[in-house]
file work.txt (compact mmCIF, C-alpha atoms)
# COMPACT_ATOMS: atom_id res chain seq x y z
CA MET X 93 8.09 -24.17 5.95
CA THR X 94 10.23 -26.00 8.51
CA ASP X 95 10.55 -24.75 12.09
CA LEU X 96 14.15 -23.76 11.36
CA GLU X 97 13.15 -21.78 8.29
CA SER X 98 10.29 -20.24 10.22
CA SER X 99 12.50 -19.12 13.11
CA ARG X 100 15.14 -17.87 10.67
CA ARG X 101 12.55 -15.80 8.88
CA THR X 102 11.46 -14.10 12.08
CA THR X 103 15.02 -12.95 12.83
CA MET X 104 16.02 -11.94 9.32
CA PRO X 105 15.49 -8.37 8.20
CA THR X 106 12.24 -7.86 6.33
CA GLU X 107 12.98 -4.56 4.69
CA LEU X 108 15.81 -2.23 3.84
CA VAL X 109 14.77 1.41 3.48
CA ALA X 110 16.81 4.50 2.62
CA ASP X 111 15.82 8.15 2.66
CA ARG X 112 16.44 9.69 -0.74
CA ASP X 113 18.98 12.20 0.58
CA MET X 114 21.03 9.38 2.17
CA LEU X 115 21.70 7.53 -1.09
CA GLU X 116 24.90 9.45 -1.77
CA SER X 117 26.50 8.30 1.49
CA PHE X 118 24.92 4.82 1.51
CA LEU X 119 25.25 3.49 -2.03
CA PRO X 120 29.07 3.02 -1.91
CA VAL X 121 28.56 0.07 0.49
CA LEU X 122 26.67 -1.61 -2.35
CA GLY X 123 29.28 -0.77 -4.96
CA ALA X 124 27.47 2.18 -6.53
CA GLU X 125 27.55 5.97 -6.32
CA VAL X 126 25.46 9.02 -7.14
CA THR X 127 26.93 11.04 -10.01
CA ASP X 128 27.06 14.86 -10.20
CA ASP X 129 23.97 14.83 -12.41
CA GLU X 130 22.20 12.54 -9.91
CA TYR X 131 22.19 9.25 -11.78
CA ILE X 132 23.48 6.07 -10.15
CA ARG X 133 26.75 4.63 -11.43
CA ASP X 134 28.28 1.21 -10.84
CA LEU X 135 31.64 1.74 -9.14
CA ASP X 136 33.33 -1.20 -10.89
CA SER X 137 32.14 -0.76 -14.45
CA GLY X 138 31.64 3.02 -14.34
CA GLU X 139 28.32 2.56 -16.18
CA ILE X 140 25.11 4.42 -15.33
CA LEU X 141 22.61 1.95 -13.91
CA THR X 142 19.29 1.80 -15.75
CA THR X 143 15.80 0.32 -15.31
CA GLU X 144 14.99 -3.11 -16.77
CA ASP X 145 13.83 -1.19 -19.87
CA GLY X 146 17.16 0.61 -20.17
CA GLU X 147 15.86 3.97 -18.93
CA ARG X 148 18.11 6.27 -16.91
CA LEU X 149 16.51 7.68 -13.75
CA THR X 150 17.84 10.37 -11.43
CA ILE X 151 17.64 9.67 -7.69
CA ASP X 152 14.55 11.92 -7.51
CA GLU X 153 12.78 9.62 -9.98
CA ILE X 154 13.58 6.36 -8.19
CA GLY X 155 11.21 4.67 -5.71
CA TYR X 156 13.00 1.35 -5.31
CA LEU X 157 16.39 -0.20 -6.01
CA LYS X 158 16.02 -3.84 -6.91
CA HIS X 159 18.73 -6.38 -6.20
CA GLY X 160 20.51 -7.86 -9.20
CA SER X 161 23.46 -5.49 -9.21
CA VAL X 162 21.42 -2.33 -8.41
CA VAL X 163 18.38 -1.85 -10.64
CA PRO X 164 16.47 1.45 -10.34
CA VAL X 165 12.66 1.30 -10.39
CA GLU X 166 10.49 4.33 -11.13
CA ASP X 167 9.04 6.20 -8.13
CA ASP X 168 5.49 5.00 -8.76
CA PHE X 169 3.33 2.57 -6.77
CA SER X 170 2.24 0.44 -9.75
CA ALA X 171 5.76 0.40 -11.23
CA ILE X 172 7.20 -0.92 -7.96
CA VAL X 173 4.50 -3.60 -7.55
CA SER X 174 4.91 -4.62 -11.18
CA GLU X 175 8.68 -4.93 -10.81
CA LEU X 176 8.48 -6.96 -7.60
CA SER X 177 5.53 -9.20 -8.46
CA ASP X 178 6.09 -12.51 -10.20
CA ARG X 179 2.45 -12.74 -11.29
CA ASN X 180 3.30 -11.47 -14.79
CA ILE X 181 -0.14 -9.99 -15.37
CA ARG X 182 0.92 -6.61 -16.76
CA GLN X 183 2.65 -8.07 -19.81
CA GLU X 184 -0.63 -9.76 -20.78
CA GLU X 185 -2.63 -6.52 -20.84
CA MET C 265 -12.96 22.39 -6.51
CA GLU C 266 -13.71 19.52 -4.14
CA ASP C 267 -10.77 17.60 -5.61
CA ILE C 268 -8.42 20.53 -4.98
CA TYR C 269 -9.73 20.84 -1.41
CA SER C 270 -9.28 17.08 -0.90
CA ALA C 271 -5.72 17.26 -2.26
CA PHE C 272 -4.76 20.12 0.10
CA SER C 273 -6.38 18.33 3.03
CA ALA C 274 -4.52 15.16 2.18
CA VAL C 275 -1.18 17.01 2.10
CA ALA C 276 -1.94 18.64 5.47
CA ASP C 277 -2.91 15.25 6.92
CA SER C 278 0.29 13.79 5.55
CA LEU C 279 2.42 16.38 7.36
CA LEU C 280 0.52 15.93 10.62
CA SER C 281 0.62 12.15 10.37
CA SER C 282 4.39 12.17 9.74
CA ARG C 283 4.88 13.94 13.06
CA LYS C 284 2.47 11.53 14.71
CA GLU C 285 4.31 8.54 13.23
CA ASP C 286 7.56 9.84 14.76
CA ASP C 287 5.98 10.45 18.13
CA ASP C 288 4.43 6.99 18.28
CA SER C 289 7.73 5.17 17.86
CA LYS C 290 9.79 3.81 20.73
CA TYR C 291 13.53 4.49 20.96
CA GLY C 292 16.03 1.88 22.10
CA PRO C 293 19.85 1.79 22.37
CA VAL C 294 21.84 4.52 20.63
CA ALA C 295 25.33 4.14 19.07
CA ARG C 296 27.56 7.24 18.99
CA LYS C 297 30.90 5.50 18.60
CA GLU C 298 32.35 2.83 16.36
CA HIS C 299 32.34 0.03 18.94
CA GLU C 300 28.74 0.83 19.93
CA PHE C 301 27.73 0.71 16.28
CA ASN C 302 29.55 -2.63 15.86
CA ASN C 303 27.76 -3.99 18.93
CA LEU C 304 24.37 -2.90 17.69
CA LEU C 305 24.95 -4.49 14.30
CA GLU C 306 26.39 -7.72 15.63
CA GLU C 307 24.50 -8.38 18.83
CA GLN C 308 20.92 -7.54 17.99
CA ASP C 309 18.54 -8.92 15.43
CA PHE C 310 16.67 -6.27 13.51
CA GLU C 311 13.80 -6.91 11.15
CA ASN C 312 14.26 -3.65 9.25
CA TYR C 313 17.19 -1.37 8.45
CA PHE C 314 16.36 2.28 7.81
CA ILE C 315 19.09 4.55 6.38
CA SER C 316 18.12 7.98 7.67
CA ARG C 317 19.41 11.22 9.24
CA LEU C 318 19.58 11.07 13.02
CA PRO C 319 20.13 13.74 15.71
CA ALA C 320 23.72 15.06 15.67
CA GLY C 321 26.43 12.59 16.59
CA ARG C 322 24.36 9.42 16.40
CA TYR C 323 25.65 6.58 14.22
CA ALA C 324 22.62 4.40 14.76
CA THR C 325 19.53 3.99 16.91
CA ALA C 326 17.34 1.01 17.62
CA LYS C 327 13.69 1.95 17.28
CA GLU C 328 10.34 0.25 17.03
CA ILE C 329 8.44 1.51 14.00
CA ASP C 330 4.90 0.23 13.34
CA GLY C 331 5.69 -2.64 15.72
CA VAL C 332 8.81 -3.68 13.79
CA LYS C 333 12.26 -3.75 15.42
CA THR C 334 14.22 -1.35 13.24
CA LEU C 335 17.82 -0.14 13.20
CA LEU C 336 18.09 3.44 11.97
CA ILE C 337 21.55 4.16 10.56
CA ASP C 338 22.93 7.60 9.70
CA THR C 339 25.45 6.97 6.92
CA GLU C 340 26.24 10.71 6.79
CA THR C 341 27.63 10.61 10.33
CA ILE C 342 29.39 7.24 10.32
CA PRO C 343 32.97 7.54 8.95
CA LYS C 344 33.21 5.96 5.50
CA SER C 345 35.92 3.53 6.63
CA VAL C 346 33.68 2.22 9.43
CA LEU C 347 30.74 1.92 7.07
CA MET C 348 32.75 0.01 4.46
CA GLU C 349 33.93 -2.47 7.12
CA HIS C 350 30.29 -3.54 7.38
CA SER C 351 29.47 -3.46 3.68
CA GLY C 352 29.07 -7.25 3.69
CA LYS C 353 26.22 -6.98 6.21
CA PHE C 354 24.42 -4.42 4.06
CA GLU C 355 25.03 -6.36 0.84
CA GLN C 356 23.58 -9.42 2.55
CA ALA C 357 20.49 -7.48 3.68
CA PHE C 358 20.15 -6.01 0.17
CA GLU C 359 20.20 -9.49 -1.33
CA GLN C 360 17.88 -11.05 1.26
CA MET C 361 15.34 -8.25 0.97
CA GLY C 362 15.55 -8.20 -2.79
CA GLY C 363 16.10 -4.46 -2.84
CA ILE C 364 15.86 -1.11 -1.09
CA ALA C 365 12.72 0.95 -0.71
CA ILE C 366 13.37 4.66 -1.17
CA GLY C 367 11.76 7.14 1.22
CA ASN C 368 8.08 6.56 1.88
CA ARG C 369 7.89 3.49 -0.43
CA SER C 370 8.63 1.39 2.64
CA GLY C 371 6.16 -1.44 3.12
CA ILE C 372 5.34 -2.16 -0.53
CA ALA C 373 7.90 -4.93 -1.10
CA PRO C 374 6.92 -7.07 1.93
CA ALA C 375 3.25 -6.68 0.95
CA VAL C 376 3.60 -7.90 -2.64
CA ASP C 377 3.88 -11.57 -1.67
CA SER C 378 1.35 -11.31 1.16
CA VAL C 379 -1.71 -10.90 -1.04
CA ASP C 380 -1.55 -14.27 -2.79
CA GLU C 381 -4.61 -15.81 -1.16
CA VAL C 382 -7.16 -13.16 -2.16
CA TYR C 383 -5.45 -12.59 -5.50
CA LYS C 384 -5.62 -16.26 -6.47
CA LEU C 385 -9.25 -16.54 -5.33
CA ASN C 386 -10.23 -13.80 -7.78
CA GLU C 387 -7.62 -14.16 -10.52
CA GLY C 388 -9.94 -15.98 -12.91
CA ARG C 389 -13.04 -14.03 -11.90
CA ILE C 390 -12.07 -10.43 -12.62
CA PRO C 391 -11.89 -8.85 -16.10
CA THR C 392 -8.31 -9.25 -17.33
CA GLN C 393 -7.75 -5.54 -17.93
CA LEU C 394 -8.43 -4.91 -14.22
CA LEU C 395 -6.04 -7.53 -12.80
CA SER C 396 -3.10 -5.15 -12.41
CA VAL C 397 -5.33 -2.63 -10.57
CA PHE C 398 -6.65 -5.50 -8.45
CA GLU C 399 -3.11 -6.59 -7.53
CA ASP C 400 -2.12 -2.98 -6.73
CA SER C 401 -5.28 -2.56 -4.63
CA LEU C 402 -4.56 -5.65 -2.55
CA VAL C 403 -0.95 -4.57 -2.00
CA LEU C 404 -2.09 -1.08 -0.99
CA ARG C 405 -4.59 -2.57 1.48
CA SER C 406 -1.88 -4.80 2.94
CA VAL C 407 0.53 -1.85 3.38
CA GLU C 408 -2.26 0.22 4.98
CA ARG C 409 -2.98 -2.55 7.47
CA ARG C 410 0.68 -3.04 8.42
CA LYS C 411 1.79 0.57 8.50
CA ASN C 412 0.46 3.79 9.87
CA LEU C 413 0.17 5.41 6.42
CA SER C 414 -0.89 9.03 6.31
CA ARG C 415 -4.03 9.91 4.36
CA GLY C 416 -1.86 12.00 2.07
CA THR C 417 0.26 8.97 1.15
CA VAL C 418 -2.81 6.81 0.53
CA TYR C 419 -4.32 9.60 -1.61
CA ASP C 420 -1.10 9.83 -3.67
CA TRP C 421 -0.71 6.08 -4.15
CA ARG C 422 -4.36 5.66 -5.17
CA GLY C 423 -3.80 8.42 -7.69
CA GLU C 424 -0.77 6.62 -9.13
CA ILE C 425 -2.72 3.36 -9.51
CA SER C 426 -5.67 5.01 -11.25
CA SER C 427 -3.38 7.15 -13.39
CA ASN C 428 -1.56 4.05 -14.64
CA TYR C 429 -4.89 2.43 -15.46
CA SER C 430 -6.10 5.50 -17.34
CA SER C 431 -2.84 5.72 -19.29
CA SER C 432 -4.02 2.70 -21.28
CA GLY C 433 -7.28 4.43 -22.19
CA HIS C 434 -9.45 3.33 -19.27
CA ASP C 435 -11.62 5.34 -16.90
CA PRO C 436 -9.57 6.17 -13.75
CA GLN C 437 -12.77 6.21 -11.66
CA VAL C 438 -13.16 2.47 -12.29
CA ALA C 439 -9.72 1.93 -10.74
CA GLN C 440 -10.70 4.12 -7.78
CA ASN C 441 -13.88 2.05 -7.32
CA LEU C 442 -11.92 -1.21 -7.38
CA ILE C 443 -9.37 0.11 -4.86
CA SER C 444 -12.22 1.04 -2.48
CA LEU C 445 -14.07 -2.25 -2.97
CA CYS C 446 -10.86 -4.20 -2.25
CA SER C 447 -10.01 -2.04 0.73
CA THR C 448 -13.36 -2.83 2.35
CA GLY C 449 -12.87 -6.57 1.83
CA TYR C 450 -15.66 -7.26 -0.67
CA PHE C 451 -13.34 -9.55 -2.69
CA ASP C 452 -12.28 -11.63 0.32
CA GLU C 453 -13.33 -15.25 0.72
CA LYS C 454 -17.04 -15.59 1.67
CA ASP C 455 -17.60 -11.88 1.12
CA VAL C 456 -19.84 -10.22 -1.50
CA PHE C 457 -18.09 -11.25 -4.73
CA ASP C 458 -17.25 -14.77 -3.55
CA GLN C 459 -20.92 -15.29 -2.60
CA MET C 460 -21.93 -13.90 -5.98
CA TYR C 461 -19.59 -16.35 -7.75
CA ILE C 462 -21.04 -19.27 -5.81
CA GLU C 463 -24.63 -18.22 -6.59
CA LEU C 464 -24.14 -17.44 -10.28
CA VAL C 465 -21.43 -19.85 -11.45
CA GLN C 466 -20.86 -22.64 -8.94
CA ASP C 467 -24.54 -23.22 -8.09
CA GLY C 468 -26.00 -21.35 -11.05
CA SER C 469 -25.86 -21.49 -14.80
CA HIS C 470 -23.65 -18.53 -15.63
CA SER C 471 -20.39 -19.04 -17.51
CA ILE C 472 -17.21 -17.58 -16.05
CA GLN C 473 -17.15 -14.99 -18.84
CA GLU C 474 -20.71 -13.90 -18.00
CA TYR C 475 -19.67 -13.64 -14.36
CA LYS C 476 -16.63 -11.54 -15.29
CA ASN C 477 -18.89 -9.16 -17.21
CA ILE C 478 -21.22 -8.86 -14.21
CA VAL C 479 -18.29 -8.20 -11.86
CA GLY C 480 -16.99 -5.63 -14.37
CA ASP C 481 -20.36 -3.83 -14.18
CA TYR C 482 -20.32 -3.92 -10.39
CA ILE C 483 -16.83 -2.39 -10.35
CA LYS C 484 -17.68 0.22 -12.98
CA GLU C 485 -21.04 1.28 -11.51
CA ASN C 486 -20.34 0.62 -7.82
CA PRO C 487 -24.02 0.04 -7.03
CA PHE C 488 -23.91 -1.12 -3.41
CA ALA C 489 -21.25 0.91 -1.59
CA VAL C 490 -20.86 4.57 -0.68
CA PHE C 491 -17.29 5.39 0.31
CA VAL C 492 -17.32 8.40 2.60
CA LYS C 493 -14.64 11.09 2.33
CA ALA C 494 -13.91 13.13 5.45
CA GLN C 495 -13.77 16.35 3.44
CA GLY C 496 -16.27 17.57 0.90
CA MET C 497 -19.08 15.18 1.86
CA SER C 498 -21.93 15.93 4.26
CA GLY C 499 -24.28 13.48 5.93
CA ARG C 500 -27.03 14.72 3.58
CA ASP C 501 -24.83 14.04 0.51
CA VAL C 502 -24.14 10.52 1.74
CA TYR C 503 -27.83 9.99 2.51
CA HIS C 504 -28.84 10.95 -1.04
CA MET C 505 -26.11 8.77 -2.58
CA ALA C 506 -27.08 5.78 -0.45
CA LYS C 507 -30.80 6.24 -1.02
CA GLY C 508 -30.22 6.39 -4.78
CA LYS C 509 -28.30 3.11 -4.66
CA THR C 510 -31.01 1.41 -2.57
CA GLU C 511 -33.45 2.12 -5.40
CA ASP C 512 -31.26 0.35 -7.98
CA ILE C 513 -29.25 -2.38 -6.27
CA ASP C 514 -31.85 -5.13 -6.41
CA ARG C 515 -31.99 -4.84 -10.22
CA TYR C 516 -28.41 -6.15 -10.41
CA PRO C 517 -27.76 -9.88 -10.94
CA ALA C 518 -27.10 -11.64 -7.64
CA SER C 519 -27.66 -8.41 -5.72
CA PRO C 520 -26.15 -8.61 -2.24
CA GLY C 521 -29.49 -7.25 -0.95
CA PHE C 522 -27.94 -4.27 0.78
CA VAL C 523 -26.20 -0.95 0.33
CA GLU C 524 -23.32 -0.10 2.65
CA ILE C 525 -21.94 3.26 3.72
CA CYS C 526 -18.24 2.81 4.45
CA GLY C 527 -16.04 5.27 6.29
CA LYS C 528 -12.38 4.94 7.20
CA GLY C 529 -10.99 7.29 9.83
CA GLN C 530 -12.74 8.85 12.82
CA GLU C 531 -13.60 12.00 10.84
CA THR C 532 -15.96 10.03 8.59
CA HIS C 533 -17.96 8.51 11.44
CA PRO C 534 -20.12 11.57 12.31
CA ILE C 535 -20.97 11.89 8.59
CA ILE C 536 -22.19 8.28 8.61
CA ASP C 537 -24.18 8.95 11.79
CA ASP C 538 -25.87 11.97 10.15
CA ALA C 539 -26.74 9.89 7.08
CA ARG C 540 -28.14 7.17 9.32
CA ASP C 541 -30.37 9.71 11.10
CA LEU C 542 -31.73 10.95 7.76
CA LEU C 543 -32.33 7.39 6.54
CA SER C 544 -34.19 6.57 9.78
CA GLU C 545 -36.36 9.67 9.41
CA ASN C 546 -37.19 9.25 5.72
CA CYS C 547 -36.97 5.54 4.87
CA ASP C 548 -38.06 2.23 6.28
CA PHE C 549 -34.93 0.08 6.01
CA ASP C 550 -33.43 -2.20 8.61
CA MET C 551 -29.88 -1.04 9.30
CA THR C 552 -26.90 -2.51 11.11
CA THR C 553 -23.51 -1.05 11.94
CA ARG C 554 -20.15 -2.81 12.21
CA ARG C 555 -16.68 -1.53 12.98
CA ASN C 556 -13.12 -2.58 12.32
CA ARG C 557 -11.26 -0.70 15.03
CA THR C 558 -7.78 -1.60 13.79
CA ILE C 559 -8.31 0.56 10.71
CA ASP C 560 -10.87 2.96 12.24
CA GLN C 561 -13.50 1.71 9.82
CA LYS C 562 -17.24 2.05 10.33
CA ILE C 563 -19.75 0.46 7.98
CA LEU C 564 -23.51 1.07 8.00
CA ARG C 565 -25.48 -1.64 6.19
CA ILE C 566 -28.88 -0.68 4.75
CA ILE C 567 -30.82 -3.86 4.07
CA THR C 568 -32.82 -3.59 0.85
CA ASP C 569 -33.82 -7.24 0.51
CA PRO C 570 -34.45 -8.90 3.90
CA SER C 571 -34.80 -12.34 2.23
call {"tool": "encode", "arguments": {"input": "work.txt", "output": "structure tokens"}}
result
Amino acid sequence: MTDLESSRRTTMPTELVADRDMLESFLPVLGAEVTDDEYIRDLDSGEILTTEDGERLTIDEIGYLKHGSVVPVEDDFSAIVSELSDRNIRQEE
Amino acid sequence: MEDIYSAFSAVADSLLSSRKEDDDSKYGPVARKEHEFNNLLEEQDFENYFISRLPAGRYATAKEIDGVKTLLIDTETIPKSVLMEHSGKFEQAFEQMGGIAIGNRSGIAPAVDSVDEVYKLNEGRIPTQLLSVFEDSLVLRSVERRKNLSRGTVYDWRGEISSNYSSSGHDPQVAQNLISLCSTGYFDEKDVFDQMYIELVQDGSHSIQEYKNIVGDYIKENPFAVFVKAQGMSGRDVYHMAKGKTEDIDRYPASPGFVEICGKGQETHPIIDDARDLLSENCDFDMTTRRNRTIDQKILRIITDPS
């Protein structure tokens, strides 16, 4: 890592966190919204956003929203690590 | 019954720790108007953004949480038009961070990439079916070290890891053992399992597959460590568990030559002291104690093989 990259890293945000009950007011800044039945919908396409496996999750079932449009991840420690890790070990099990 | 008691205790600890976490944080500038909010966003560098309810009338507050400069933003209070003016800033943070942690899942994402060194050291040495638990365990340890996690949260997350492991037909207790062994550092470079690898494979005649089987037995049977729980365990219980392990450990291949009693959190320390007293009265082992004050950990080593 260069000095410039190193100094940039120290000033860049390291994490974005949202309380579950703030998603309704926050998600519009990312182009999404919470529907009446508590799923997340893309504001442009009108489609309900799903996990990588195509599963619909309500906001109570979500533990992480991954970048790449907005991709819900199940509210489970192993599911979040698996989704964020690039070690690809779980597919080999 | 002990499990139920532990679960209730963990929930109570979680509630108490949440209050403590709030009290330990330091407040900085507060924005109650649009221009103050703009100034906070534009003029200060924050490492974390936390979208959360704030006391009435506050748009945003700078706060230090777990040593990290954080901007807390109340998107319920900020007018939508003001919020949307800054959507680019949030989209940029969303992209840079790779996502948003919801609620108490904060800390997991930054930890995932931080465990590479220990993961890579052990990647080829641990039974394949345990690699996902091993990765989870290292991430959990990293989050615990960076954040002031409540015992209730740790209890819940450990349960999720072991539950996932058992969902594919495995024994959840094996996952619990591996989480505890990782947490104590036994898989770190130059620690127990690295030394064992050097003795058996690097300097010895064991194949890597034979070594993996041995490590698998160590994880499954947990022969050299007693992990003390603050509730439901007495000093006498710990003494009996440790004494039992001292009688068996030297039968294991590449035995570390000791049994350790490990306690995390101040509440476990008197239990360890009681066990030590009983061991001194009834056995003839050399014993040493070490502490890791940053995580309130105390470890009593009972030396079974002085060589």
call {"tool": "closest_residue", "arguments": {"input": "work.txt", "among": "X:Glu130, X:Glu107, X:Val173, X:Glu139", "to": "Asp152 of chain X", "atoms": "only C-alpha atoms"}}
result
X:Glu130
call {"tool": "residues_around", "arguments": {"input": "work.txt", "residues": "Lys484 of chain C", "least_positions_apart": "5", "cutoff": "12 Å", "atoms": "only C-alpha atoms", "output": "list in words"}}
result
Pro391, Leu394, His434, Asp435, Pro436, Gln437, Val438, Ala439, Gln440, Asn441, Leu442, Ile443, Ser444, Leu445, Asn477, Ile478, Val479 and Ala489 of chain C
call {"tool": "interface_residues", "arguments": {"input": "work.txt", "of": "chain C", "to": "chain X", "cutoff": "7 Å", "atoms": "only C-alpha atoms", "output": "PyMOL selection string"}}
result
chain C and resi 309-316+339-340+348+351+355+357-359+361-367+369-370+373-374+376+393+395-396+400+421+424-425
call {"tool": "atom_distance", "arguments": {"input": "work.txt", "atom1": "atom CA of Ser447 of chain C", "atom2": "atom CA of Arg405 of chain C"}}
result
5.5 Å
call {"tool": "atom_distance", "arguments": {"input": "work.txt", "atom1": "atom CA of Gln561 of chain C", "atom2": "atom CA of Ala494 of chain C"}}
result
12.2 Å
call {"tool": "residues_around", "arguments": {"input": "work.txt", "residues": "Val418 of chain C", "least_positions_apart": "3", "cutoff": "10 Å", "atoms": "only C-alpha atoms", "output": "list in words"}}
result
Ala274, Ser278, Leu404, Arg405, Val407, Glu408, Leu413, Ser414, Arg415, Trp421, Arg422, Gly423 and Glu424 of chain C
call {"tool": "write_last_selection", "arguments": {"input": "work.txt", "atoms": "C-alpha atoms", "output": "short mmCIF file (atom, residue, chain, number, x, y, z; two decimals), in the frame of the given file"}}
result
data_model
loop_
_atom_site.label_atom_id
_atom_site.label_comp_id
_atom_site.auth_asym_id
_atom_site.auth_seq_id
_atom_site.Cartn_x
_atom_site.Cartn_y
_atom_site.Cartn_z
CA ALA C 274 -4.52 15.16 2.18
CA SER C 278 0.29 13.79 5.55
CA LEU C 404 -2.09 -1.08 -0.99
CA ARG C 405 -4.59 -2.57 1.48
CA VAL C 407 0.53 -1.85 3.38
CA GLU C 408 -2.26 0.22 4.98
CA LEU C 413 0.17 5.41 6.42
CA SER C 414 -0.89 9.03 6.31
CA ARG C 415 -4.03 9.91 4.36
CA TRP C 421 -0.71 6.08 -4.15
CA ARG C 422 -4.36 5.66 -5.17
CA GLY C 423 -3.80 8.42 -7.69
CA GLU C 424 -0.77 6.62 -9.13
#
call {"tool": "atom_distance", "arguments": {"input": "work.txt", "atom1": "atom CA of Glu125 of chain X", "atom2": "atom CA of Ser137 of chain X"}}
result
11.5 Å
call {"tool": "residues_around", "arguments": {"input": "work.txt", "residues": "segment 543-558 of chain C", "least_positions_apart": "5", "cutoff": "7 Å", "atoms": "all atoms listed in the file", "output": "list in words"}}
result
Tyr503, Ile563, Leu564, Arg565, Ile566, Ile567 and Thr568 of chain C
call {"tool": "residues_around", "arguments": {"input": "work.txt", "residues": "Glu474 of chain C", "least_positions_apart": "6", "cutoff": "10 Å", "atoms": "all atoms listed in the file", "output": "number ranges by chain"}}
result
C: 389, 464-465, 480
call {"tool": "residues_around", "arguments": {"input": "work.txt", "residues": "Glu531 of chain C", "least_positions_apart": "6", "cutoff": "12 Å", "atoms": "all atoms listed in the file", "output": "ChimeraX atom specification"}}
result
/C:277,415,492-499,537,560-562
call {"tool": "axis_aligned_box", "arguments": {"input": "work.txt", "around": "segment 365-370 of chain C", "padding_each_side": "6 Å", "output": "AutoDock Vina command-line options"}}
result
--center_x 10.6 --center_y 4.0 --center_z 0.7 --size_x 17.5 --size_y 18.2 --size_z 15.8
